[in-house]
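Structure file input-v3.txt; described as compact mmCIF, C-alpha atoms (C1' of nucleotides).
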# COMPACT_ATOMS: atom_id res chain seq x y z
CA MET A 1 114.06 100.97 73.09
CA PRO A 2 115.89 101.24 76.40
CA LYS A 3 114.27 99.80 79.48
CA ILE A 4 112.83 102.25 81.91
CA LYS A 5 115.06 102.48 84.94
CA ILE A 6 113.89 103.13 88.44
CA ASP A 7 115.62 102.91 91.77
CA LYS A 8 114.65 102.95 95.40
CA GLU A 9 114.88 106.70 95.66
CA SER A 10 112.73 107.44 92.63
CA VAL A 11 110.15 104.92 93.79
CA ILE A 12 109.84 106.53 97.20
CA LYS A 13 109.84 110.07 95.89
CA GLU A 14 107.15 109.32 93.37
CA ALA A 15 105.14 107.49 96.02
CA ALA A 16 105.46 110.52 98.29
CA TYR A 17 104.34 112.82 95.53
CA MET A 18 101.36 110.64 94.69
CA ALA A 19 100.39 110.18 98.33
CA ASN A 20 100.35 113.95 98.75
CA THR A 21 98.37 114.63 95.61
CA ILE A 22 95.87 111.79 95.22
CA GLY A 23 95.78 110.78 98.89
CA ILE A 24 97.40 107.88 100.64
CA GLU A 25 94.22 105.81 100.41
CA ASN A 26 94.43 105.94 96.62
CA LEU A 27 98.05 104.95 96.40
CA SER A 28 98.63 101.40 95.23
CA LEU A 29 101.53 99.52 93.75
CA LYS A 30 99.57 99.33 90.54
CA THR A 31 99.07 103.09 90.17
CA LEU A 32 102.57 103.84 91.39
CA ALA A 33 104.11 101.45 88.89
CA ALA A 34 102.01 102.93 86.10
CA GLN A 35 103.14 106.42 87.05
CA LEU A 36 106.75 105.28 86.92
CA GLY A 37 106.20 103.54 83.58
CA VAL A 38 106.83 100.01 84.83
CA LYS A 39 104.75 97.04 85.89
CA SER A 40 104.02 96.50 89.55
CA PRO A 41 106.16 93.39 90.06
CA SER A 42 109.18 95.43 89.05
CA LEU A 43 108.78 97.51 92.18
CA TYR A 44 109.74 94.46 94.22
CA ASN A 45 113.29 94.88 93.06
CA HIS A 46 113.45 98.09 95.10
CA ILE A 47 110.97 97.73 97.91
CA ASP A 48 109.72 94.84 99.93
CA GLY A 49 106.02 95.15 99.17
CA PHE A 50 103.31 97.63 99.91
CA ASP A 51 103.76 97.72 103.68
CA ASP A 52 107.46 98.28 103.29
CA LEU A 53 106.76 101.14 100.89
CA LYS A 54 104.60 102.84 103.47
CA GLN A 55 107.26 102.36 106.09
CA GLN A 56 109.81 103.92 103.74
CA LEU A 57 107.47 106.83 103.18
CA MET A 58 107.23 107.29 106.91
CA LEU A 59 111.01 107.37 107.31
CA TYR A 60 111.32 109.71 104.36
CA GLY A 61 108.77 112.04 105.91
CA TRP A 62 110.37 112.17 109.33
CA LYS A 63 113.71 112.97 107.75
CA GLU A 64 112.25 115.74 105.62
CA LEU A 65 110.44 117.15 108.59
CA GLU A 66 113.58 117.05 110.67
CA ASN A 67 115.32 119.20 108.09
CA ARG A 68 112.49 121.68 108.09
CA ILE A 69 112.61 121.90 111.86
CA ILE A 70 116.35 122.44 111.91
CA GLU A 71 116.02 125.22 109.39
CA ALA A 72 113.19 126.82 111.27
CA VAL A 73 115.06 127.00 114.51
CA ILE A 74 118.23 128.60 113.19
CA GLY A 75 119.09 131.75 115.07
CA LEU A 76 116.31 131.28 117.61
CA SER A 77 116.30 130.10 121.17
CA GLY A 78 113.93 129.51 124.05
CA TYR A 79 110.23 129.99 123.46
CA ASP A 80 110.79 131.62 120.09
CA ALA A 81 112.49 128.44 118.98
CA ILE A 82 109.65 126.29 120.28
CA ARG A 83 107.08 128.38 118.53
CA ALA A 84 109.01 128.26 115.26
CA MET A 85 109.33 124.50 115.48
CA CYS A 86 105.62 124.11 116.02
CA TYR A 87 104.84 126.23 112.99
CA ALA A 88 107.33 124.31 110.88
CA PHE A 89 105.77 121.03 111.96
CA HIS A 90 102.30 122.26 111.16
CA GLU A 91 103.29 123.61 107.79
CA TYR A 92 104.94 120.37 106.77
CA ALA A 93 102.02 118.25 107.90
CA ILE A 94 99.49 120.34 106.00
CA GLU A 95 101.57 120.55 102.85
CA ASN A 96 102.38 116.84 102.80
CA GLN A 97 99.19 115.22 103.88
CA GLY A 98 99.81 111.84 102.31
CA VAL A 99 103.28 111.41 103.72
CA PHE A 100 102.19 112.81 107.05
CA SER A 101 99.47 110.22 107.40
CA THR A 102 102.04 107.46 107.04
CA MET A 103 104.10 109.19 109.71
CA LEU A 104 101.14 109.03 112.05
CA TRP A 105 100.10 105.56 111.21
CA TYR A 106 103.31 103.73 110.78
CA ASN A 107 105.00 104.74 113.94
CA GLN A 108 104.10 101.36 115.35
CA PHE A 109 106.97 99.63 113.60
CA GLU A 110 109.31 99.67 116.52
CA ASN A 111 112.48 98.96 114.68
CA GLU A 112 115.84 100.66 115.01
CA GLN A 113 115.44 102.98 112.08
CA MET A 114 112.12 104.24 113.32
CA ASN A 115 113.20 105.01 116.83
CA GLU A 116 116.28 106.66 115.50
CA VAL A 117 114.52 108.93 113.10
CA THR A 118 111.82 110.22 115.41
CA SER A 119 114.07 110.51 118.41
CA LYS A 120 116.51 112.50 116.34
CA MET A 121 113.73 114.87 115.47
CA PHE A 122 112.37 115.30 118.94
CA THR A 123 115.85 115.60 120.36
CA ILE A 124 116.01 119.05 118.86
CA PHE A 125 112.84 119.90 120.72
CA PHE A 126 114.26 118.34 123.82
CA LYS A 127 117.43 120.37 123.72
CA VAL A 128 115.52 123.61 123.54
CA THR A 129 113.33 122.75 126.49
CA LYS A 130 116.32 121.74 128.57
CA SER A 131 117.84 125.17 127.98
CA LEU A 132 114.85 126.61 129.84
CA ASN A 133 115.89 125.34 133.24
CA ILE A 134 113.31 122.60 133.33
CA SER A 135 114.03 119.18 134.80
CA GLN A 136 114.86 116.25 132.56
CA ASP A 137 111.64 114.42 133.50
CA ASN A 138 109.49 117.40 132.77
CA CYS A 139 111.22 117.92 129.44
CA VAL A 140 110.16 114.41 128.45
CA HIS A 141 106.59 115.21 129.38
CA LEU A 142 106.68 118.47 127.50
CA VAL A 143 107.97 116.96 124.32
CA ARG A 144 105.18 114.42 124.48
CA MET A 145 102.62 117.12 125.06
CA PHE A 146 103.74 119.21 122.11
CA ARG A 147 104.04 116.19 119.89
CA SER A 148 100.57 114.96 120.81
CA PHE A 149 99.03 118.31 120.16
CA LEU A 150 100.86 118.85 116.88
CA GLU A 151 100.07 115.43 115.47
CA GLY A 152 96.47 115.58 116.63
CA PHE A 153 95.86 119.06 115.31
CA ALA A 154 97.30 118.30 111.89
CA LEU A 155 95.40 115.02 111.68
CA LEU A 156 92.14 116.78 112.39
CA GLU A 157 92.85 119.65 110.06
CA ASN A 158 93.86 117.32 107.24
CA HIS A 159 90.67 115.34 107.68
CA ASN A 160 88.48 118.44 107.68
CA ALA A 161 87.34 117.65 111.17
CA PHE A 162 87.24 121.34 112.02
CA GLY A 163 84.44 123.38 110.55
CA ASN A 164 85.29 126.96 109.73
CA THR A 165 88.49 127.10 107.72
CA GLN A 166 89.38 130.69 108.47
CA LEU A 167 89.51 130.28 112.22
CA ILE A 168 91.86 127.32 112.10
CA LYS A 169 94.98 129.47 112.04
CA ASP A 170 93.69 131.36 115.04
CA SER A 171 93.03 128.11 116.86
CA PHE A 172 96.56 126.96 116.20
CA GLU A 173 98.08 130.24 117.27
CA LEU A 174 96.10 130.38 120.49
CA SER A 175 96.84 126.77 121.31
CA ILE A 176 100.56 127.22 120.91
CA THR A 177 100.42 130.29 123.10
CA ILE A 178 98.61 128.35 125.79
CA LEU A 179 101.06 125.46 125.61
CA ILE A 180 104.00 127.83 125.89
CA GLU A 181 102.46 129.79 128.75
CA GLY A 182 101.89 126.51 130.55
CA THR A 183 105.44 125.47 129.88
CA LYS A 184 106.75 128.62 131.53
CA LYS A 185 105.28 127.45 134.80
CA LEU A 186 107.68 124.53 134.81
CA GLU A 187 110.79 126.65 134.87
CA GLY A 188 112.92 125.75 137.82
CA LYS A 189 110.94 122.54 138.40
CA MET B 190 69.46 72.93 112.13
CA PRO B 191 68.32 76.54 112.32
CA LYS B 192 70.16 79.14 110.33
CA ILE B 193 72.40 81.46 112.25
CA LYS B 194 70.80 84.85 112.61
CA ILE B 195 72.65 88.11 112.76
CA ASP B 196 71.52 91.71 112.61
CA LYS B 197 73.12 95.09 112.15
CA GLU B 198 73.74 95.56 115.84
CA SER B 199 75.42 92.21 116.38
CA VAL B 200 77.59 92.76 113.31
CA ILE B 201 78.80 96.11 114.53
CA LYS B 202 79.31 94.97 118.10
CA GLU B 203 81.31 91.96 117.04
CA ALA B 204 83.33 94.11 114.64
CA ALA B 205 84.06 96.52 117.48
CA TYR B 206 85.13 93.68 119.72
CA MET B 207 87.38 92.21 117.07
CA ALA B 208 88.87 95.57 116.15
CA ASN B 209 89.76 96.12 119.79
CA THR B 210 91.25 92.68 120.29
CA ILE B 211 92.99 91.72 117.05
CA GLY B 212 93.52 95.27 115.78
CA ILE B 213 91.67 97.19 113.12
CA GLU B 214 94.25 96.27 110.49
CA ASN B 215 93.43 92.59 110.94
CA LEU B 216 89.69 93.03 110.71
CA SER B 217 88.19 91.82 107.45
CA LEU B 218 84.73 90.83 106.32
CA LYS B 219 86.02 87.30 106.03
CA THR B 220 87.22 87.02 109.62
CA LEU B 221 84.23 88.92 110.94
CA ALA B 222 81.83 86.63 109.14
CA ALA B 223 83.68 83.57 110.40
CA GLN B 224 83.49 84.87 113.94
CA LEU B 225 79.75 85.38 113.57
CA GLY B 226 79.34 81.93 112.05
CA VAL B 227 78.21 83.09 108.63
CA LYS B 228 79.76 83.59 105.21
CA SER B 229 80.99 87.03 104.23
CA PRO B 230 78.35 87.80 101.58
CA SER B 231 75.70 87.47 104.28
CA LEU B 232 77.06 90.57 105.95
CA TYR B 233 75.84 92.60 103.00
CA ASN B 234 72.30 92.15 104.22
CA HIS B 235 73.17 94.34 107.20
CA ILE B 236 75.98 96.62 106.12
CA ASP B 237 76.93 98.24 102.87
CA GLY B 238 80.43 96.85 102.50
CA PHE B 239 83.70 97.17 104.34
CA ASP B 240 83.96 100.95 104.21
CA ASP B 241 80.46 101.28 105.52
CA LEU B 242 81.30 98.92 108.35
CA LYS B 243 84.20 101.11 109.39
CA GLN B 244 82.01 104.17 109.22
CA GLN B 245 79.48 102.41 111.43
CA LEU B 246 82.25 101.54 113.87
CA MET B 247 83.24 105.17 113.98
CA LEU B 248 79.71 106.30 114.76
CA TYR B 249 79.36 103.56 117.34
CA GLY B 250 82.56 104.67 119.00
CA TRP B 251 81.67 108.34 119.17
CA LYS B 252 78.33 107.47 120.72
CA GLU B 253 79.91 105.21 123.30
CA LEU B 254 82.49 107.83 124.11
CA GLU B 255 79.81 110.46 124.43
CA ASN B 256 78.10 108.36 127.07
CA ARG B 257 81.32 107.90 128.97
CA ILE B 258 81.95 111.62 128.91
CA ILE B 259 78.46 112.42 130.12
CA GLU B 260 78.85 110.00 132.98
CA ALA B 261 82.27 111.33 133.87
CA VAL B 262 81.08 114.89 134.14
CA ILE B 263 78.11 114.29 136.40
CA GLY B 264 78.26 116.41 139.50
CA LEU B 265 81.30 118.32 138.35
CA SER B 266 81.75 121.78 136.93
CA GLY B 267 84.46 124.10 135.68
CA TYR B 268 87.98 122.80 135.53
CA ASP B 269 87.15 119.67 137.48
CA ALA B 270 84.68 118.81 134.75
CA ILE B 271 87.23 119.45 132.01
CA ARG B 272 89.79 117.29 133.74
CA ALA B 273 87.30 114.47 134.21
CA MET B 274 86.29 114.61 130.57
CA CYS B 275 89.89 114.40 129.45
CA TYR B 276 90.50 111.35 131.59
CA ALA B 277 87.33 109.70 130.35
CA PHE B 278 88.38 110.35 126.76
CA HIS B 279 91.81 108.92 127.36
CA GLU B 280 90.52 105.85 129.12
CA TYR B 281 88.08 105.07 126.34
CA ALA B 282 90.68 105.55 123.63
CA ILE B 283 93.16 103.24 125.34
CA GLU B 284 90.64 100.57 126.18
CA ASN B 285 89.12 100.57 122.70
CA GLN B 286 92.06 100.94 120.41
CA GLY B 287 90.49 99.41 117.34
CA VAL B 288 87.33 101.44 117.49
CA PHE B 289 89.27 104.55 118.40
CA SER B 290 91.41 104.27 115.32
CA THR B 291 88.31 104.30 113.12
CA MET B 292 87.17 107.38 115.02
CA LEU B 293 90.42 109.10 114.13
CA TRP B 294 90.62 107.94 110.59
CA TYR B 295 87.09 108.09 109.45
CA ASN B 296 86.24 111.56 110.50
CA GLN B 297 86.71 112.62 106.92
CA PHE B 298 83.28 111.39 105.94
CA GLU B 299 81.59 114.73 106.18
CA ASN B 300 78.04 113.53 106.21
CA GLU B 301 75.20 114.57 108.49
CA GLN B 302 75.50 111.71 110.92
CA MET B 303 79.17 112.30 111.42
CA ASN B 304 78.95 115.98 112.11
CA GLU B 305 76.05 115.36 114.40
CA VAL B 306 77.75 112.73 116.49
CA THR B 307 81.04 114.53 117.05
CA SER B 308 79.51 117.93 117.53
CA LYS B 309 77.16 116.44 120.09
CA MET B 310 80.15 115.12 121.96
CA PHE B 311 82.19 118.27 121.87
CA THR B 312 79.16 120.38 122.70
CA ILE B 313 79.41 119.07 126.22
CA PHE B 314 82.98 120.28 126.33
CA PHE B 315 81.90 123.54 124.83
CA LYS B 316 79.23 124.15 127.43
CA VAL B 317 81.67 123.70 130.24
CA THR B 318 84.17 126.13 128.78
CA LYS B 319 81.47 128.72 128.20
CA SER B 320 80.56 128.58 131.88
CA LEU B 321 84.07 129.83 132.60
CA ASN B 322 83.46 133.35 131.33
CA ILE B 323 85.43 132.82 128.14
CA SER B 324 84.34 134.29 124.82
CA GLN B 325 82.54 132.15 122.28
CA ASP B 326 85.42 132.39 119.82
CA ASN B 327 87.97 131.33 122.37
CA CYS B 328 85.78 128.43 123.45
CA VAL B 329 85.91 127.14 119.88
CA HIS B 330 89.68 127.37 119.94
CA LEU B 331 89.89 125.65 123.30
CA VAL B 332 87.75 122.73 122.28
CA ARG B 333 89.97 122.26 119.25
CA MET B 334 93.07 122.41 121.38
CA PHE B 335 91.86 119.82 123.84
CA ARG B 336 90.56 117.60 121.10
CA SER B 337 93.81 117.77 119.19
CA PHE B 338 95.85 116.95 122.23
CA LEU B 339 93.58 114.11 123.35
CA GLU B 340 93.41 112.45 119.95
CA GLY B 341 97.10 112.90 119.35
CA PHE B 342 98.15 111.59 122.73
CA ALA B 343 95.96 108.51 122.50
CA LEU B 344 97.11 107.83 118.96
CA LEU B 345 100.73 107.93 120.02
CA GLU B 346 100.19 105.89 123.14
CA ASN B 347 98.22 103.26 121.24
CA HIS B 348 100.99 103.00 118.68
CA ASN B 349 103.69 102.67 121.30
CA ALA B 350 105.30 105.83 120.07
CA PHE B 351 106.29 106.77 123.60
CA GLY B 352 109.11 104.87 125.20
CA ASN B 353 108.85 104.34 128.91
CA THR B 354 105.42 102.99 129.77
CA GLN B 355 105.40 104.02 133.41
CA LEU B 356 105.90 107.69 132.75
CA ILE B 357 103.04 107.95 130.31
CA LYS B 358 100.45 108.58 132.99
CA ASP B 359 102.61 111.35 134.38
CA SER B 360 102.94 112.88 130.95
CA PHE B 361 99.20 112.88 130.54
CA GLU B 362 98.59 114.35 133.96
CA LEU B 363 101.12 117.11 133.50
CA SER B 364 99.85 117.93 130.03
CA ILE B 365 96.28 118.30 131.21
CA THR B 366 97.43 120.52 134.02
CA ILE B 367 99.29 122.72 131.58
CA LEU B 368 96.33 122.93 129.23
CA ILE B 369 94.04 123.86 132.08
CA GLU B 370 96.42 126.43 133.49
CA GLY B 371 96.66 127.97 130.05
CA THR B 372 92.90 127.98 129.74
CA LYS B 373 92.58 129.95 132.94
CA LYS B 374 94.39 132.81 131.28
CA LEU B 375 91.50 133.20 128.88
CA GLU B 376 88.93 133.97 131.55
CA GLY B 377 87.26 137.26 130.83
CA LYS B 378 88.65 137.30 127.29
C1' DT C 379 134.38 88.75 74.23
C1' DA C 380 132.48 85.89 77.88
C1' DT C 381 130.36 85.84 82.21
C1' DT C 382 127.71 87.53 85.77
C1' DT C 383 124.42 90.46 87.85
C1' DT C 384 120.61 93.45 87.82
C1' DA C 385 116.12 94.42 87.11
C1' DA C 386 112.18 94.43 84.01
C1' DC C 387 108.68 91.39 82.38
C1' DA C 388 104.70 87.94 81.65
C1' DA C 389 102.13 84.66 83.72
C1' DA C 390 100.33 82.56 87.56
C1' DT C 391 98.68 82.51 92.38
C1' DC C 392 96.37 84.24 96.42
C1' DA C 393 93.35 86.87 99.24
C1' DT C 394 89.66 89.72 99.91
C1' DA C 395 85.76 92.44 98.57
C1' DT C 396 81.81 92.45 96.05
C1' DT C 397 77.87 90.92 92.99
C1' DA C 398 74.38 87.68 91.09
C1' DG C 399 71.44 84.37 91.49
C1' DT C 400 69.49 80.42 94.41
C1' DT C 401 67.60 78.38 98.44
C1' DT C 402 66.07 78.14 102.98
C1' DT C 403 63.30 79.72 106.76
C1' DG C 404 59.81 81.94 109.07
C1' DT C 405 55.59 84.87 108.85
C1' DC C 406 51.07 85.96 107.74
C1' DA C 407 46.76 86.07 105.36
C1' DA C 408 43.28 83.36 103.10
C1' DT D 409 46.43 74.33 107.26
C1' DT D 410 48.49 76.04 103.41
C1' DG D 411 50.44 78.88 100.01
C1' DA D 412 52.52 83.33 98.87
C1' DC D 413 55.97 86.37 100.31
C1' DA D 414 59.95 88.59 102.37
C1' DA D 415 64.14 88.33 104.69
C1' DA D 416 68.38 86.68 104.91
C1' DA D 417 71.38 82.90 104.45
C1' DC D 418 73.99 80.41 100.93
C1' DT D 419 76.95 79.06 96.66
C1' DA D 420 79.18 80.45 92.76
C1' DA D 421 81.22 83.78 90.07
C1' DT D 422 83.75 88.20 89.27
C1' DA D 423 87.08 91.93 90.15
C1' DT D 424 91.02 94.00 91.94
C1' DG D 425 95.32 94.31 93.80
C1' DA D 426 99.30 92.19 96.11
C1' DT D 427 102.64 88.92 95.69
C1' DT D 428 105.51 84.87 93.74
C1' DT D 429 107.81 82.40 90.14
C1' DG D 430 110.44 81.80 86.47
C1' DT D 431 112.26 84.06 82.06
C1' DT D 432 114.82 87.30 79.60
C1' DA D 433 117.15 91.37 78.17
C1' DA D 434 120.23 94.88 79.31
C1' DA D 435 124.15 96.49 81.79
C1' DA D 436 128.32 95.81 84.24
C1' DT D 437 132.49 93.44 84.92
C1' DA D 438 136.33 90.59 84.07

Now, as a test, write the supplied structure out as structure tokens.
Amino acid sequence: MPKIKIDKESVIKEAAYMANTIGIENLSLKTLAAQLGVKSPSLYNHIDGFDDLKQQLMLYGWKELENRIIEAVIGLSGYDAIRAMCYAFHEYAIENQGVFSTMLWYNQFENEQMNEVTSKMFTIFFKVTKSLNISQDNCVHLVRMFRSFLEGFALLENHNAFGNTQLIKDSFELSITILIEGTKKLEGK
Amino acid sequence: MPKIKIDKESVIKEAAYMANTIGIENLSLKTLAAQLGVKSPSLYNHIDGFDDLKQQLMLYGWKELENRIIEAVIGLSGYDAIRAMCYAFHEYAIENQGVFSTMLWYNQFENEQMNEVTSKMFTIFFKVTKSLNISQDNCVHLVRMFRSFLEGFALLENHNAFGNTQLIKDSFELSITILIEGTKKLEGK
DNA sequence: TATTTTAACAAATCATATTAGTTTTGTCAA
DNA sequence: TTGACAAAACTAATATGATTTGTTAAAATA
């Protein structure tokens, strides 16, 4: 019988899948290894332990999200582009709850890779806001504002912190509208 | 020599202190017990395990924050009140990082106590927005928007996800201004 | 084919949470 | 004052999962 073969990519992809389906809090090296058909020590040939796995998941997620955002923004500009990016962010966060939670939690690892991957993502945002005749400083503030709102909203929604499910879409829509209206006031400043 | 005596309150307070100083991820029953001068099994006379402890921390935090918010809003009304509440929220979240992270993470426990304690807090917010001649539905959306932004911003700031430290206060200030300006557009709707 | 590398494995170790059962301490009623 | 009792500490044991170590089999390379 041939040995089961895994590699870094399959480990991370399976971990992402499991995190999204059974929840990040139920993901362990033991269950992940079992799912892959190996024993948990074998995972150490591909990752550097449990914390490293979660960091990999975080990087994986930011890259995936970046792709989604790039796709979403194609052919759009200005406030339409901003709105589309926000919706793409939200959609990804809701559809990939497990991975998204690592993206929230493991942004504290201030290494090269991390800064690179998130800055790359928010650079797209940044470029759009700069096209709106808003000062560089204010663009930084705006990106932070949108990012804070988007991460906070998705976190709360994923944790069922909002009551009525139906109204959540309305809340998101209205919030984005308010943020964009507010942003318009910064034009020329 | 008399035995060391602890009770539920001292356990939770010490846990809160430790979470805020050494970080929630370094808090364990072992270290907490050591800090209190007892052995970890003794803690089970006062709490129901580690998960319960974190849930208690979460409740403790929301109650503390509620008090801060109430204090902050005294004598103020309308948008001044909203602004003051936002600053109080931010200040608490930054000064109590460990406890705040349990408040973010453990809002998924959808039990009575939890709903009660957060709804109580956001009811204050809610009352202020209603005084602004904004429809009930839109008040719900607004509270969610502010909450999302506030939790997201503090999460990111606490995790050093923003670069330049100095500009963070400016980002917060500008963001609140934008949110409030946007809110004004809902008056009469 | 012979050698080297890769990566899976079993077994052992470590850390922490948790449980079970024992002992100490203080309280309160007889 | 004393003896029963309850509360809450303790020790010892168990369970689970991460991690380390050392072994081995398969695959790759020369």

Taking only residues of chain C that have an atom at most 8 Å from an atom of range 432-436 of chain D, what is each one's shortest atom pair and its distance in Å to one decimal, using only C-alpha atoms (C1' of nucleotides), in chain and number order, as JSON lines?
{"residue": "C:DT383", "atom": "C1'", "partner": "D:DA436", "partner_atom": "C1'", "distance": 7.5}
{"residue": "C:DT384", "atom": "C1'", "partner": "D:DA435", "partner_atom": "C1'", "distance": 7.6}
{"residue": "C:DC387", "atom": "C1'", "partner": "D:DT432", "partner_atom": "C1'", "distance": 7.9}

What separates CA of Lys130 in chain A and CA of Ile357 in chain B is a distance of 19.2 Å

So the first atom is CA of Phe335 in chain B and the second is CA of Glu64 in chain A; what is the distance between them in Å, to one decimal place?
27.6 Å

With a cut-off of 8 Å and counting all atoms listed in the file, select all residues of chain C in contact with chain B and give the selection as an MDAnalysis selection string.
chainID C and resid 394:396 403

Could you take the residues named above and write them with C-alpha atoms (C1' of nucleotides), as a CSV table (one decimal), keeping the file's coordinate frame?
chain,number,residue,atom,x,y,z
C,394,DT,C1',89.7,89.7,99.9
C,395,DA,C1',85.8,92.4,98.6
C,396,DT,C1',81.8,92.4,96.0
C,403,DT,C1',63.3,79.7,106.8

Kindly give the distance, in Å, that separates CA of Glu187 in chain A and CA of Ile134 in chain A, rounded to a single decimal.
5.0 Å

At a cut-off of 6 Å, which residues of chain A touch chain B? Count only C-alpha atoms and give the answer as a list in words.
Gln108, His141, Met145, Ser148, Phe149, Glu151, Gly152, Phe153, His159, Ser171, Ser175, Ile178 and Gly182 of chain A

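Residues in contact with range 222-224 of chain B at 10 Å, where only C-alpha atoms (C1' of nucleotides) are counted and same-chain residues fewer than 5 positions away are skipped, are listed as Ile195, Val200, Glu203, Ala204, Met207, Ser217, Ser229, Pro230, Ser231 and Leu232 of chain B.
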
Expected answer as a ChimeraX atom specification: chain D residues within 8 Å of chain A, only C-alpha atoms (C1' of nucleotides):
/D:425-427,434

How about saving the chosen residues, C-alpha atoms (C1' of nucleotides) kept, as a compact mmCIF listing (two decimals), in the frame of the given file?
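The result, stored in part-v3.txt:
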# COMPACT_ATOMS: atom_id res chain seq x y z
C1' DG D 425 95.32 94.31 93.80
C1' DA D 426 99.30 92.19 96.11
C1' DT D 427 102.64 88.92 95.69
C1' DA D 434 120.23 94.88 79.31

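Distance check against DG399 in chain C using all atoms listed in the file: of D:DA421, D:DT431, D:DA414, D:DT409, the minimum falls on D:DA421.
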